[in-house]
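Let me begin by presenting the structure, written as structure tokens, before commenting on it.
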Protein chains: 2
Amino acid sequence: MATISKETAKRLDPDKLAATALEIADAEGLDAVTIRRLAQLHDVTPMALYRHFSDKNDLLAAIGDRLLADIRLPEPNDDRWDLQLRAVLTAFVDALRPHPKAADLTLYRILVSEAGLAMAERTMELLTSGGFSVDDAAEVGRQSLCSLITLVTTEPGANEDTDPIAREDALRVKRAALAALPPRRYPLISAAADTLICPSSTDRYYSLGMDLVVAGIRGVLTDLQEEKK
Amino acid sequence: MATISKETAKRLDPDKLAATALEIADAEGLDAVTIRRLAQLHDVTPMALYRHFSDKNDLLAAIGDRLLADIRLPEPNDDRWDLQLRAVLTAFVDALRPHPKAADLTLYRILVSEAGLAMAERTMELLTSGGFSVDDAAEVGRQSLCSLITLVTTEPGANEDTDPIAREDALRVKRAALAALPPRRYPLISAAADTLICPSSTDRYYSLGMDLVVAGIRGVLTDLQEEKK
DNA sequence: ACGCTAGGTCTACGTTGTAAACTTGTCAAC
DNA sequence: GTTGACAAGTTTACAACGTAGACCTAGCGT
């Protein structure tokens with residue numbers, strides 16, 4: 001009944017492998033994802049993994065594909081193009097948010113994986129329907145997606161340090177470093193130290209990030225159209 | 001006369017070390033920067049480096065600081081705040097552009113290194129003078145700088161592969177992958193394949209990226225101000 | 001019944017970061 | 001001068017990593 005029965009336990013499943021690799025990455029960061037460790041978690045010899053992944057990059061790519069596969073694209077509707085675009089990009093970010101330490105892996109898989117291609121095509125549809133040329137849509141879409149990935153990977157608090165005591169320590173060190181610099185020379189940074197270290201609310205962080213991207217797209221579009229006239 | 005004379009050759013200079021480490025990174029990527037290799041280039045034992053850097057992260061941080069130190073901030077003037085901001089951000093990008101493979105290292109050094117702090121403070125000055133609250137300026141500035149770093153690190157063509165034959169090969173593979181997907185299902189991606197693989201002009205790539213960021217900032221500002229009313 | 005092969009194992013190699021103990025060149029103080 | 005002491009380079013060693021290559025071996029198609 002289960003994919004792993006008592007005696008057939010030796011049958012490895014690449015999807016399962018990618019799944020537990022992702023768990024490791026979520027918990028301890030990408031560097032902790034190791035062939036040997038992943039093998040051990042599946043009670044198998046390290047070299048066994050190479051029957052399912054050609055090398056470690058291939059494994060990491062599988063993690064990336066997995067993240068992209070979690071995207072739940074909204075159905076097309078009659079909203080204005082930029083609202084729909086925002087919804088698509090939000091779906092992308094929502095898929096990455098649970099895995100800030102692994103989100104980087106999606107970048108080079110967007111134009112390869114099924115789910116990534118679907119999102120990219122939808123993005124370009126909406127951009128061109130808004131008035132971008134195909135080429136401009138490609139470049140604008142590309143950078144927008146990159147920015148959103150970065151938004152997730154640099155989400156404050158997701159950086160590293162699995163256990164809360166080390167994380168708290170790191171936070172304190174950072175706070176102290178900012179508190180130590182001369183407010184005379186860096187008045188604004190000193191004033192914003194708290195926000196710089198840890199933004200008020202994670203939801204606000206993401207909505208502001210999304211606003212920046214979408215507002216940028218709209219602004220560039222009107223610039224391009226005015227310059228054409 | 002020179003910093004390294006015949007017999008005093010044994011005196012290592014941390015700045016020189018970071019400089020050649022950067023050269024390695026530029027030529028072959030960050031993974032090629034290795035304690036042993038860097039030591040060998042300075043005719044020294046690997047462990048010698050640890051007298052000047054507490055560990056490898058410390059070395060990488062020094063590279064990041066070096067990049068930030070190359071920023072040539074423009075003098076304040078009477079231009080509108082957003083124009084001046086664009087100039088500051090352009091100075092940042094200009095400092096990173098020669099080193100796309102190492103630009104990532106600046107992210108965690110901006111709020112630590114002298115040059116990074118100077119730029120961050122200037123950025124926040126201009127954002128607040130434009131009308132952002134201090135906290136909003138912090139979050140907006142943070143993400144803008146992140147996006148610009150990403151703009152540089154993902155600059156097409158700078159990805160990897162030192163020698164031109166391997167790079168050409170990789171390009172061909174990518175091109176083939178995009179050409180192989182069904183244009184029926186992905187019409188826009190297929191149409192934009194060339195642009196997606198390699199944008200028309202590097203300068204246009206950067207100016208469009210900068211436009212996106214600055215337009216985003218302006219757009220978010222007016223959104224925030226309207227919502228306050 | 002027989003071989004083929006998919007999917008494991010075992011062993012081994014080269015590379016990496018770095019801990020610990022050591023040597024040595026230089027300079028300050030007596 | 002002689003003598004510590006300290007900064008800076010050396011030596012040796014280790015554990016962990018990715019992975020090449022040779023080797024089982026269970027189970028399936030013919």
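The chains in the structure tokens are called A, B, ... from first to last as shown; in each chain the residues are counted from 1, and the ligands are counted from 1 in the order shown.
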Exercise for the section: Could you list, as an NGL selection string, the residues of chain A having an atom within 7 Å of chain B when counting only C-alpha atoms? Expected result: :A and (121 or 124 or 134-135 or 138-139 or 143 or 146-147 or 150 or 186 or 188-189 or 192 or 195-196 or 209 or 211-213 or 215-217 or 219-220)
Take the residues that were just selected and, keeping N, CA and C atoms, output them as a PDB file, in the first residue's frame.
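See part_15.pdb below for the written result:
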```
ATOM      1  N   GLU A 121       5.181  32.060 -18.678  1.00  0.00           N
ATOM      2  CA  GLU A 121       4.328  32.373 -19.827  1.00  0.00           C
ATOM      3  C   GLU A 121       3.174  33.285 -19.402  1.00  0.00           C
ATOM      4  N   MET A 124       4.405  36.759 -18.908  1.00  0.00           N
ATOM      5  CA  MET A 124       4.630  37.479 -20.168  1.00  0.00           C
ATOM      6  C   MET A 124       3.317  37.829 -20.849  1.00  0.00           C
ATOM      7  N   VAL A 134       7.219  42.237 -26.640  1.00  0.00           N
ATOM      8  CA  VAL A 134       7.626  40.909 -26.177  1.00  0.00           C
ATOM      9  C   VAL A 134       9.010  40.956 -25.546  1.00  0.00           C
ATOM     10  N   ASP A 135       9.930  41.647 -26.189  1.00  0.00           N
ATOM     11  CA  ASP A 135      11.290  41.694 -25.650  1.00  0.00           C
ATOM     12  C   ASP A 135      11.352  42.439 -24.329  1.00  0.00           C
ATOM     13  N   ALA A 138      10.068  40.319 -21.623  1.00  0.00           N
ATOM     14  CA  ALA A 138      11.024  39.295 -21.207  1.00  0.00           C
ATOM     15  C   ALA A 138      12.005  39.867 -20.194  1.00  0.00           C
ATOM     16  N   GLU A 139      12.542  41.030 -20.499  1.00  0.00           N
ATOM     17  CA  GLU A 139      13.552  41.581 -19.584  1.00  0.00           C
ATOM     18  C   GLU A 139      12.930  42.045 -18.281  1.00  0.00           C
ATOM     19  N   GLN A 143      13.729  40.312 -14.531  1.00  0.00           N
ATOM     20  CA  GLN A 143      14.244  40.970 -13.342  1.00  0.00           C
ATOM     21  C   GLN A 143      13.229  40.966 -12.211  1.00  0.00           C
ATOM     22  N   CYS A 146      13.519  37.706 -10.489  1.00  0.00           N
ATOM     23  CA  CYS A 146      14.768  37.665  -9.721  1.00  0.00           C
ATOM     24  C   CYS A 146      14.627  38.454  -8.426  1.00  0.00           C
ATOM     25  N   SER A 147      14.051  39.632  -8.514  1.00  0.00           N
ATOM     26  CA  SER A 147      13.906  40.462  -7.324  1.00  0.00           C
ATOM     27  C   SER A 147      13.048  39.762  -6.286  1.00  0.00           C
ATOM     28  N   THR A 150      14.958  37.091  -4.536  1.00  0.00           N
ATOM     29  CA  THR A 150      15.842  37.722  -3.563  1.00  0.00           C
ATOM     30  C   THR A 150      15.053  38.206  -2.352  1.00  0.00           C
ATOM     31  N   TYR A 186      25.972  58.648  11.163  1.00  0.00           N
ATOM     32  CA  TYR A 186      24.938  57.868  10.485  1.00  0.00           C
ATOM     33  C   TYR A 186      23.597  58.028  11.198  1.00  0.00           C
ATOM     34  N   LEU A 188      20.480  58.495  10.239  1.00  0.00           N
ATOM     35  CA  LEU A 188      19.300  57.786   9.744  1.00  0.00           C
ATOM     36  C   LEU A 188      19.418  56.294   9.952  1.00  0.00           C
ATOM     37  N   ILE A 189      20.604  55.769   9.709  1.00  0.00           N
ATOM     38  CA  ILE A 189      20.800  54.338   9.943  1.00  0.00           C
ATOM     39  C   ILE A 189      20.596  54.037  11.421  1.00  0.00           C
ATOM     40  N   ALA A 192      16.991  53.997  12.199  1.00  0.00           N
ATOM     41  CA  ALA A 192      16.239  52.899  11.603  1.00  0.00           C
ATOM     42  C   ALA A 192      16.810  51.537  11.967  1.00  0.00           C
ATOM     43  N   THR A 195      14.421  48.600  12.474  1.00  0.00           N
ATOM     44  CA  THR A 195      13.778  48.168  11.234  1.00  0.00           C
ATOM     45  C   THR A 195      14.749  47.449  10.325  1.00  0.00           C
ATOM     46  N   LEU A 196      15.986  47.917  10.290  1.00  0.00           N
ATOM     47  CA  LEU A 196      16.965  47.296   9.406  1.00  0.00           C
ATOM     48  C   LEU A 196      17.285  45.878   9.849  1.00  0.00           C
ATOM     49  N   GLY A 209       7.507  44.675  -0.535  1.00  0.00           N
ATOM     50  CA  GLY A 209       8.364  44.188  -1.611  1.00  0.00           C
ATOM     51  C   GLY A 209       7.595  43.992  -2.901  1.00  0.00           C
ATOM     52  N   ASP A 211       4.818  45.486  -3.701  1.00  0.00           N
ATOM     53  CA  ASP A 211       4.445  46.808  -4.188  1.00  0.00           C
ATOM     54  C   ASP A 211       5.587  47.422  -5.000  1.00  0.00           C
ATOM     55  N   LEU A 212       6.785  47.296  -4.484  1.00  0.00           N
ATOM     56  CA  LEU A 212       7.933  47.871  -5.178  1.00  0.00           C
ATOM     57  C   LEU A 212       8.067  47.295  -6.583  1.00  0.00           C
ATOM     58  N   VAL A 213       7.933  45.992  -6.678  1.00  0.00           N
ATOM     59  CA  VAL A 213       8.108  45.347  -7.981  1.00  0.00           C
ATOM     60  C   VAL A 213       7.002  45.773  -8.944  1.00  0.00           C
ATOM     61  N   ALA A 215       4.905  48.333  -8.773  1.00  0.00           N
ATOM     62  CA  ALA A 215       4.966  49.762  -9.077  1.00  0.00           C
ATOM     63  C   ALA A 215       6.083  50.044 -10.070  1.00  0.00           C
ATOM     64  N   GLY A 216       7.182  49.323  -9.934  1.00  0.00           N
ATOM     65  CA  GLY A 216       8.279  49.494 -10.877  1.00  0.00           C
ATOM     66  C   GLY A 216       7.858  49.123 -12.284  1.00  0.00           C
ATOM     67  N   ILE A 217       7.153  48.029 -12.402  1.00  0.00           N
ATOM     68  CA  ILE A 217       6.701  47.588 -13.726  1.00  0.00           C
ATOM     69  C   ILE A 217       5.785  48.634 -14.349  1.00  0.00           C
ATOM     70  N   GLY A 219       5.553  51.788 -13.630  1.00  0.00           N
ATOM     71  CA  GLY A 219       6.289  53.017 -13.920  1.00  0.00           C
ATOM     72  C   GLY A 219       7.122  52.899 -15.180  1.00  0.00           C
ATOM     73  N   VAL A 220       7.816  51.792 -15.335  1.00  0.00           N
ATOM     74  CA  VAL A 220       8.638  51.608 -16.525  1.00  0.00           C
ATOM     75  C   VAL A 220       7.771  51.578 -17.778  1.00  0.00           C
TER      76      VAL A 220
END
```
Once you count only C-alpha atoms (C1' of nucleotides), what closest atom pair and distance in Å to one decimal does each residue of chain D within 9 Å of region 15-28 of chain C have, with rows by chain and rising residue number, as CSV?
```
residue,atom,partner,partner_atom,distance
D:DA7,C1',C:DT26,C1',8.9
D:DA8,C1',C:DT24,C1',8.9
D:DG9,C1',C:DT24,C1',8.4
D:DT10,C1',C:DT23,C1',7.3
D:DT11,C1',C:DC22,C1',7.4
D:DT12,C1',C:DA21,C1',8.9
D:DA13,C1',C:DA19,C1',8.8
D:DC14,C1',C:DA19,C1',8.7
D:DA16,C1',C:DT16,C1',8.4
D:DC17,C1',C:DT16,C1',7.3
```
Export C-alpha atoms (C1' of nucleotides) of the chosen residues as a PDB file, in the first residue's frame?
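Just written: part-v3.pdb:
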```pdb
ATOM      1  C1'  DA D   7      53.710  38.269  15.562  1.00  0.00           C
ATOM      2  C1'  DA D   8      53.708  35.519  11.574  1.00  0.00           C
ATOM      3  C1'  DG D   9      54.721  31.469   8.758  1.00  0.00           C
ATOM      4  C1'  DT D  10      55.236  26.038   8.868  1.00  0.00           C
ATOM      5  C1'  DT D  11      54.070  21.263   9.616  1.00  0.00           C
ATOM      6  C1'  DT D  12      51.166  17.754  10.390  1.00  0.00           C
ATOM      7  C1'  DA D  13      46.798  15.951  10.854  1.00  0.00           C
ATOM      8  C1'  DC D  14      41.806  15.220  10.597  1.00  0.00           C
ATOM      9  C1'  DA D  16      33.881  15.878   5.744  1.00  0.00           C
ATOM     10  C1'  DC D  17      32.821  16.424   1.070  1.00  0.00           C
TER      11       DC D  17
END
```
Write out as CSV a residue-level contact list of chain C versus chain A with cut-off 8 Å: for each qualifying residue the closest pair of atoms and the distance in Å to one decimal, counting only C-alpha atoms (C1' of nucleotides), rows sorted by chain and residue number upward.
```
residue,atom,partner,partner_atom,distance
C:DG7,C1',A:Arg51,CA,6.7
C:DG8,C1',A:Ala48,CA,6.2
C:DT9,C1',A:Thr45,CA,6.9
```
Practice task
Name the residues of region 4-228 of chain B that come out as helix (DSSP H, G or I) in a backbone DSSP run; write them as a ChimeraX atom specification.
Solution key: /B:8-10,14-28,30-32,35-41,46-51,56-69,81-96,103-109,114-130,134-153,164-180,187-191,193-197,202-228
Practice task
Rank A:Asp169, A:Glu75, A:Glu23, A:Asp31 by their smallest atom-to-atom distance to chain D, using only C-alpha atoms (C1' of nucleotides), and report the top residue only.
Solution key: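 For chain D, the nearest of the given residues is A:Asp31.
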Practice task
Using only C-alpha atoms, find the one residue out of A:Asn57, A:Asp104, A:Leu145, A:Ile63 that sits nearest to Val88 (chain A).
Solution key: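 Answer, going by the shortest atom-to-atom distance: A:Leu145.
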Practice task
Give as an NGL selection string every residue of chain A that touches chain D within 8 Å, counting only C-alpha atoms (C1' of nucleotides).
Solution key: :A and (34-35 or 56)
Exercise for the section: Please indicate the distance in Å from CA of Asp203 (chain B) to CA of Thr90 (chain B), rounded to one decimal place. Expected result: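 Interatomic distance, CA of Asp203 (chain B) to CA of Thr90 (chain B): 12.0 Å.
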Would you pick out the contacts of Leu60 (chain A) at 9 Å or less, using only C-alpha atoms (C1' of nucleotides), so that residues sharing its chain but fewer than 6 positions from it are not included, and give the list as a PDB file with all heavy atoms, in the first residue's frame?
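Here's the written file selection-v4.pdb:
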```pdb
ATOM      1  N   ALA A  18      14.210  14.328  -2.861  1.00  0.00           N
ATOM      2  CA  ALA A  18      14.184  15.791  -2.959  1.00  0.00           C
ATOM      3  C   ALA A  18      13.420  16.384  -1.786  1.00  0.00           C
ATOM      4  O   ALA A  18      13.804  17.434  -1.256  1.00  0.00           O
ATOM      5  CB  ALA A  18      13.552  16.209  -4.289  1.00  0.00           C
ATOM      6  N   ALA A  21      15.607  16.305   1.245  1.00  0.00           N
ATOM      7  CA  ALA A  21      16.686  17.282   1.029  1.00  0.00           C
ATOM      8  C   ALA A  21      16.166  18.686   1.327  1.00  0.00           C
ATOM      9  O   ALA A  21      16.850  19.491   1.960  1.00  0.00           O
ATOM     10  CB  ALA A  21      17.194  17.194  -0.407  1.00  0.00           C
ATOM     11  N   LEU A  22      14.957  18.941   0.892  1.00  0.00           N
ATOM     12  CA  LEU A  22      14.362  20.259   1.152  1.00  0.00           C
ATOM     13  C   LEU A  22      14.162  20.476   2.651  1.00  0.00           C
ATOM     14  O   LEU A  22      14.393  21.580   3.159  1.00  0.00           O
ATOM     15  CB  LEU A  22      13.031  20.370   0.416  1.00  0.00           C
ATOM     16  CG  LEU A  22      12.242  21.672   0.625  1.00  0.00           C
ATOM     17  CD1 LEU A  22      13.085  22.884   0.281  1.00  0.00           C
ATOM     18  CD2 LEU A  22      10.967  21.652  -0.214  1.00  0.00           C
ATOM     19  N   VAL A  33      22.779  20.304   3.186  1.00  0.00           N
ATOM     20  CA  VAL A  33      22.299  19.261   2.267  1.00  0.00           C
ATOM     21  C   VAL A  33      23.505  18.576   1.651  1.00  0.00           C
ATOM     22  O   VAL A  33      24.220  19.158   0.840  1.00  0.00           O
ATOM     23  CB  VAL A  33      21.407  19.850   1.164  1.00  0.00           C
ATOM     24  CG1 VAL A  33      20.999  18.762   0.183  1.00  0.00           C
ATOM     25  CG2 VAL A  33      20.190  20.509   1.772  1.00  0.00           C
ATOM     26  N   ALA A 102      16.069  27.808   0.477  1.00  0.00           N
ATOM     27  CA  ALA A 102      16.208  27.020  -0.749  1.00  0.00           C
ATOM     28  C   ALA A 102      15.699  27.770  -1.974  1.00  0.00           C
ATOM     29  O   ALA A 102      15.869  27.302  -3.102  1.00  0.00           O
ATOM     30  CB  ALA A 102      15.451  25.698  -0.604  1.00  0.00           C
ATOM     31  N   LEU A 105      17.344  28.219  -5.437  1.00  0.00           N
ATOM     32  CA  LEU A 105      17.462  27.124  -6.399  1.00  0.00           C
ATOM     33  C   LEU A 105      16.460  27.234  -7.533  1.00  0.00           C
ATOM     34  O   LEU A 105      16.591  26.557  -8.551  1.00  0.00           O
ATOM     35  CB  LEU A 105      17.274  25.782  -5.681  1.00  0.00           C
ATOM     36  CG  LEU A 105      18.291  25.520  -4.567  1.00  0.00           C
ATOM     37  CD1 LEU A 105      17.951  24.243  -3.831  1.00  0.00           C
ATOM     38  CD2 LEU A 105      19.684  25.439  -5.166  1.00  0.00           C
TER      39      LEU A 105
END
```
Exercise for the section: Calculate how many Å separate C1' of DT5 (chain C) from CA of Asp65 (chain A), rounding to one decimal. Expected result: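 If I compute the distance from C1' of DT5 (chain C) to CA of Asp65 (chain A), I get 28.9 Å.
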